[in-house]
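What follows is a short report on a single structure.
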Amino acid sequence: MKTRAFCPSCGSPVYLTFTAMPDLFTVHAASLDDPGRYQPQLVTYGVRGYAWDRLDPALPKFDKMPPNAS
């Protein structure tokens, strides 16, 4: 199950959590005042990426969600 959190003022998505992976907490970069302050740690749903979106090739990349670590 996913839990999505939204800004109470404008309704924009802010973050997402997963019951099956309680240690995983995803933040929508657009919700941050300074998105450049944080660095990506992995790529999820890499199969949906675009050729023009150049991601760091050293990042772990998953076609879908990463396997449950527990």
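Each chain in the structure tokens gets a letter, A, B and so on, in the order shown; residues start at 1 in every chain, and ligands are counted from 1 in the order they appear.
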
List the spatial neighbours of segment 19-30 of chain A as a PDB file with N, CA and C atoms, in the first residue's frame - criterion: any atom at most 10 Å away, only C-alpha atoms, same-chain residues fewer than 5 positions off excluded.
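For reference, selection-v5.pdb as written:
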ATOM      1  N   MET A   1       0.828  -1.177   0.000  1.00  0.00           N
ATOM      2  CA  MET A   1       0.000   0.000   0.000  1.00  0.00           C
ATOM      3  C   MET A   1       0.880   1.251   0.000  1.00  0.00           C
ATOM      4  N   LYS A   2       0.466   2.258  -0.729  1.00  0.00           N
ATOM      5  CA  LYS A   2       1.179   3.531  -0.798  1.00  0.00           C
ATOM      6  C   LYS A   2       0.421   4.579   0.008  1.00  0.00           C
ATOM      7  N   THR A   3       1.161   5.448   0.656  1.00  0.00           N
ATOM      8  CA  THR A   3       0.555   6.588   1.325  1.00  0.00           C
ATOM      9  C   THR A   3       1.133   7.830   0.685  1.00  0.00           C
ATOM     10  N   ARG A   4       0.273   8.646   0.129  1.00  0.00           N
ATOM     11  CA  ARG A   4       0.699   9.874  -0.544  1.00  0.00           C
ATOM     12  C   ARG A   4       0.340  11.069   0.334  1.00  0.00           C
ATOM     13  N   ALA A   5       1.253  12.019   0.398  1.00  0.00           N
ATOM     14  CA  ALA A   5       1.004  13.236   1.179  1.00  0.00           C
ATOM     15  C   ALA A   5       0.990  14.429   0.233  1.00  0.00           C
ATOM     16  N   SER A  12      -0.427  20.078  -4.070  1.00  0.00           N
ATOM     17  CA  SER A  12       0.688  19.459  -4.785  1.00  0.00           C
ATOM     18  C   SER A  12       1.204  18.245  -4.031  1.00  0.00           C
ATOM     19  N   PRO A  13       1.654  17.185  -4.753  1.00  0.00           N
ATOM     20  CA  PRO A  13       2.226  16.033  -4.061  1.00  0.00           C
ATOM     21  C   PRO A  13       3.539  16.417  -3.381  1.00  0.00           C
ATOM     22  N   VAL A  14       3.758  15.892  -2.177  1.00  0.00           N
ATOM     23  CA  VAL A  14       4.956  16.223  -1.417  1.00  0.00           C
ATOM     24  C   VAL A  14       5.825  14.992  -1.213  1.00  0.00           C
ATOM     25  N   PRO A  35      15.766  21.992  -4.721  1.00  0.00           N
ATOM     26  CA  PRO A  35      15.924  20.593  -5.118  1.00  0.00           C
ATOM     27  C   PRO A  35      17.374  20.168  -5.312  1.00  0.00           C
ATOM     28  N   GLY A  36      18.265  21.085  -5.622  1.00  0.00           N
ATOM     29  CA  GLY A  36      19.672  20.754  -5.836  1.00  0.00           C
ATOM     30  C   GLY A  36      20.410  20.392  -4.559  1.00  0.00           C
ATOM     31  N   ARG A  37      19.770  20.615  -3.432  1.00  0.00           N
ATOM     32  CA  ARG A  37      20.398  20.325  -2.133  1.00  0.00           C
ATOM     33  C   ARG A  37      20.536  18.825  -1.890  1.00  0.00           C
ATOM     34  N   TYR A  38      19.686  18.030  -2.508  1.00  0.00           N
ATOM     35  CA  TYR A  38      19.684  16.587  -2.302  1.00  0.00           C
ATOM     36  C   TYR A  38      20.078  15.875  -3.583  1.00  0.00           C
ATOM     37  N   PRO A  40      20.102  12.291  -5.912  1.00  0.00           N
ATOM     38  CA  PRO A  40      19.400  11.015  -6.094  1.00  0.00           C
ATOM     39  C   PRO A  40      20.252   9.859  -5.574  1.00  0.00           C
ATOM     40  N   PRO A  66      12.384  -1.225  -6.498  1.00  0.00           N
ATOM     41  CA  PRO A  66      13.418  -2.161  -6.071  1.00  0.00           C
ATOM     42  C   PRO A  66      12.808  -3.282  -5.211  1.00  0.00           C
ATOM     43  N   PRO A  67      13.475  -4.434  -5.200  1.00  0.00           N
ATOM     44  CA  PRO A  67      12.957  -5.531  -4.376  1.00  0.00           C
ATOM     45  C   PRO A  67      12.918  -5.147  -2.898  1.00  0.00           C
ATOM     46  N   ASN A  68      11.980  -5.717  -2.192  1.00  0.00           N
ATOM     47  CA  ASN A  68      11.845  -5.455  -0.757  1.00  0.00           C
ATOM     48  C   ASN A  68      13.113  -5.917  -0.051  1.00  0.00           C
ATOM     49  N   ALA A  69      13.709  -5.022   0.709  1.00  0.00           N
ATOM     50  CA  ALA A  69      14.980  -5.308   1.385  1.00  0.00           C
ATOM     51  C   ALA A  69      14.796  -6.157   2.629  1.00  0.00           C
ATOM     52  N   SER A  70      13.572  -6.322   3.109  1.00  0.00           N
ATOM     53  CA  SER A  70      13.391  -7.081   4.354  1.00  0.00           C
ATOM     54  C   SER A  70      13.326  -8.567   4.136  1.00  0.00           C
TER      55      SER A  70
END

Fill in: Residue contacts of segment 55-63 of chain A (12 Å, only C-alpha atoms) excluding same-chain residues fewer than 2 positions away, as a list in words
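Listing them by chain and then by number gives Gln39, Pro40, Gln41, Leu42, Val43, Thr44, Tyr45, Gly46, Val47, Arg48, Gly49, Tyr50, Ala51, Trp52, Asp53, Met65, Pro66 and Pro67 of chain A.
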
Worksheet entry | Residues of chain A in helix (DSSP H, G or I), written as a ChimeraX atom specification | /A:29-31,35-37,46-48

Put those residues in a file: C-alpha atoms, as a PDB file, in the first residue's frame.
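Result saved to selection.pdb:
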ATOM      1  CA  ALA A  29      11.808  17.133  -5.920  1.00  0.00           C
ATOM      2  CA  ALA A  30       9.429  19.829  -7.136  1.00  0.00           C
ATOM      3  CA  SER A  31       8.132  20.197  -3.571  1.00  0.00           C
ATOM      4  CA  PRO A  35      15.924  20.593  -5.118  1.00  0.00           C
ATOM      5  CA  GLY A  36      19.672  20.754  -5.836  1.00  0.00           C
ATOM      6  CA  ARG A  37      20.398  20.325  -2.133  1.00  0.00           C
ATOM      7  CA  GLY A  46      13.836   3.311 -15.317  1.00  0.00           C
ATOM      8  CA  VAL A  47      11.860   1.731 -18.164  1.00  0.00           C
ATOM      9  CA  ARG A  48       9.697   4.862 -18.220  1.00  0.00           C
TER      10      ARG A  48
END

Worksheet item: If you run DSSP on the backbone, which residues of chain A are strand (DSSP E or B), as JSON, numbers by chain?
Response: {"A": [2, 3, 4, 5, 6, 13, 14, 15, 16, 17, 18, 21, 22, 23, 24, 25, 26, 27, 43, 61]}

Selection from above, N, CA, C and O atoms, as a PDB file, in the first residue's frame, can you write it?
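Saved file again-v5.pdb follows:
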ATOM      1  N   LYS A   2       0.466   2.258  -0.729  1.00  0.00           N
ATOM      2  CA  LYS A   2       1.179   3.531  -0.798  1.00  0.00           C
ATOM      3  C   LYS A   2       0.421   4.579   0.008  1.00  0.00           C
ATOM      4  O   LYS A   2      -0.809   4.588   0.018  1.00  0.00           O
ATOM      5  N   THR A   3       1.161   5.448   0.656  1.00  0.00           N
ATOM      6  CA  THR A   3       0.555   6.588   1.325  1.00  0.00           C
ATOM      7  C   THR A   3       1.133   7.830   0.685  1.00  0.00           C
ATOM      8  O   THR A   3       2.349   8.029   0.682  1.00  0.00           O
ATOM      9  N   ARG A   4       0.273   8.646   0.129  1.00  0.00           N
ATOM     10  CA  ARG A   4       0.699   9.874  -0.544  1.00  0.00           C
ATOM     11  C   ARG A   4       0.340  11.069   0.334  1.00  0.00           C
ATOM     12  O   ARG A   4      -0.740  11.116   0.905  1.00  0.00           O
ATOM     13  N   ALA A   5       1.253  12.019   0.398  1.00  0.00           N
ATOM     14  CA  ALA A   5       1.004  13.236   1.179  1.00  0.00           C
ATOM     15  C   ALA A   5       0.990  14.429   0.233  1.00  0.00           C
ATOM     16  O   ALA A   5       1.804  14.512  -0.694  1.00  0.00           O
ATOM     17  N   PHE A   6       0.061  15.338   0.475  1.00  0.00           N
ATOM     18  CA  PHE A   6      -0.119  16.501  -0.377  1.00  0.00           C
ATOM     19  C   PHE A   6      -0.058  17.781   0.446  1.00  0.00           C
ATOM     20  O   PHE A   6      -0.384  17.789   1.625  1.00  0.00           O
ATOM     21  N   PRO A  13       1.654  17.185  -4.753  1.00  0.00           N
ATOM     22  CA  PRO A  13       2.226  16.033  -4.061  1.00  0.00           C
ATOM     23  C   PRO A  13       3.539  16.417  -3.381  1.00  0.00           C
ATOM     24  O   PRO A  13       4.325  17.188  -3.935  1.00  0.00           O
ATOM     25  N   VAL A  14       3.758  15.892  -2.177  1.00  0.00           N
ATOM     26  CA  VAL A  14       4.956  16.223  -1.417  1.00  0.00           C
ATOM     27  C   VAL A  14       5.825  14.992  -1.213  1.00  0.00           C
ATOM     28  O   VAL A  14       7.014  15.008  -1.508  1.00  0.00           O
ATOM     29  N   TYR A  15       5.263  13.902  -0.680  1.00  0.00           N
ATOM     30  CA  TYR A  15       6.048  12.688  -0.477  1.00  0.00           C
ATOM     31  C   TYR A  15       5.174  11.453  -0.579  1.00  0.00           C
ATOM     32  O   TYR A  15       3.955  11.536  -0.647  1.00  0.00           O
ATOM     33  N   LEU A  16       5.845  10.287  -0.571  1.00  0.00           N
ATOM     34  CA  LEU A  16       5.190   9.003  -0.755  1.00  0.00           C
ATOM     35  C   LEU A  16       5.889   7.979   0.120  1.00  0.00           C
ATOM     36  O   LEU A  16       7.120   7.959   0.194  1.00  0.00           O
ATOM     37  N   THR A  17       5.118   7.137   0.812  1.00  0.00           N
ATOM     38  CA  THR A  17       5.689   6.038   1.597  1.00  0.00           C
ATOM     39  C   THR A  17       5.023   4.729   1.166  1.00  0.00           C
ATOM     40  O   THR A  17       3.947   4.733   0.560  1.00  0.00           O
ATOM     41  N   PHE A  18       5.678   3.612   1.493  1.00  0.00           N
ATOM     42  CA  PHE A  18       5.203   2.287   1.114  1.00  0.00           C
ATOM     43  C   PHE A  18       5.151   1.392   2.345  1.00  0.00           C
ATOM     44  O   PHE A  18       6.146   1.270   3.059  1.00  0.00           O
ATOM     45  N   MET A  21       7.764  -1.365   2.331  1.00  0.00           N
ATOM     46  CA  MET A  21       9.151  -0.906   2.474  1.00  0.00           C
ATOM     47  C   MET A  21       9.182   0.314   3.389  1.00  0.00           C
ATOM     48  O   MET A  21       9.334   1.442   2.923  1.00  0.00           O
ATOM     49  N   PRO A  22       9.037   0.114   4.704  1.00  0.00           N
ATOM     50  CA  PRO A  22       8.929   1.249   5.623  1.00  0.00           C
ATOM     51  C   PRO A  22      10.174   2.137   5.672  1.00  0.00           C
ATOM     52  O   PRO A  22      10.078   3.292   6.081  1.00  0.00           O
ATOM     53  N   ASP A  23      11.313   1.638   5.244  1.00  0.00           N
ATOM     54  CA  ASP A  23      12.539   2.454   5.250  1.00  0.00           C
ATOM     55  C   ASP A  23      12.659   3.341   4.018  1.00  0.00           C
ATOM     56  O   ASP A  23      13.555   4.172   3.935  1.00  0.00           O
ATOM     57  N   LEU A  24      11.769   3.155   3.039  1.00  0.00           N
ATOM     58  CA  LEU A  24      11.810   3.940   1.803  1.00  0.00           C
ATOM     59  C   LEU A  24      10.847   5.114   1.927  1.00  0.00           C
ATOM     60  O   LEU A  24       9.675   4.948   2.240  1.00  0.00           O
ATOM     61  N   PHE A  25      11.371   6.304   1.695  1.00  0.00           N
ATOM     62  CA  PHE A  25      10.592   7.536   1.794  1.00  0.00           C
ATOM     63  C   PHE A  25      10.942   8.355   0.565  1.00  0.00           C
ATOM     64  O   PHE A  25      12.092   8.756   0.392  1.00  0.00           O
ATOM     65  N   THR A  26       9.999   8.575  -0.338  1.00  0.00           N
ATOM     66  CA  THR A  26      10.301   9.324  -1.556  1.00  0.00           C
ATOM     67  C   THR A  26       9.731  10.737  -1.456  1.00  0.00           C
ATOM     68  O   THR A  26       8.611  10.927  -1.004  1.00  0.00           O
ATOM     69  N   VAL A  27      10.529  11.692  -1.848  1.00  0.00           N
ATOM     70  CA  VAL A  27      10.130  13.101  -1.817  1.00  0.00           C
ATOM     71  C   VAL A  27      10.071  13.612  -3.252  1.00  0.00           C
ATOM     72  O   VAL A  27      10.989  13.378  -4.036  1.00  0.00           O
ATOM     73  N   VAL A  43      17.409   4.990  -9.088  1.00  0.00           N
ATOM     74  CA  VAL A  43      16.415   5.288 -10.122  1.00  0.00           C
ATOM     75  C   VAL A  43      15.355   4.197 -10.080  1.00  0.00           C
ATOM     76  O   VAL A  43      15.681   3.009 -10.151  1.00  0.00           O
ATOM     77  N   LYS A  61      19.849   1.285 -10.815  1.00  0.00           N
ATOM     78  CA  LYS A  61      18.676   1.533 -11.652  1.00  0.00           C
ATOM     79  C   LYS A  61      17.768   0.309 -11.640  1.00  0.00           C
ATOM     80  O   LYS A  61      18.231  -0.816 -11.837  1.00  0.00           O
TER      81      LYS A  61
END
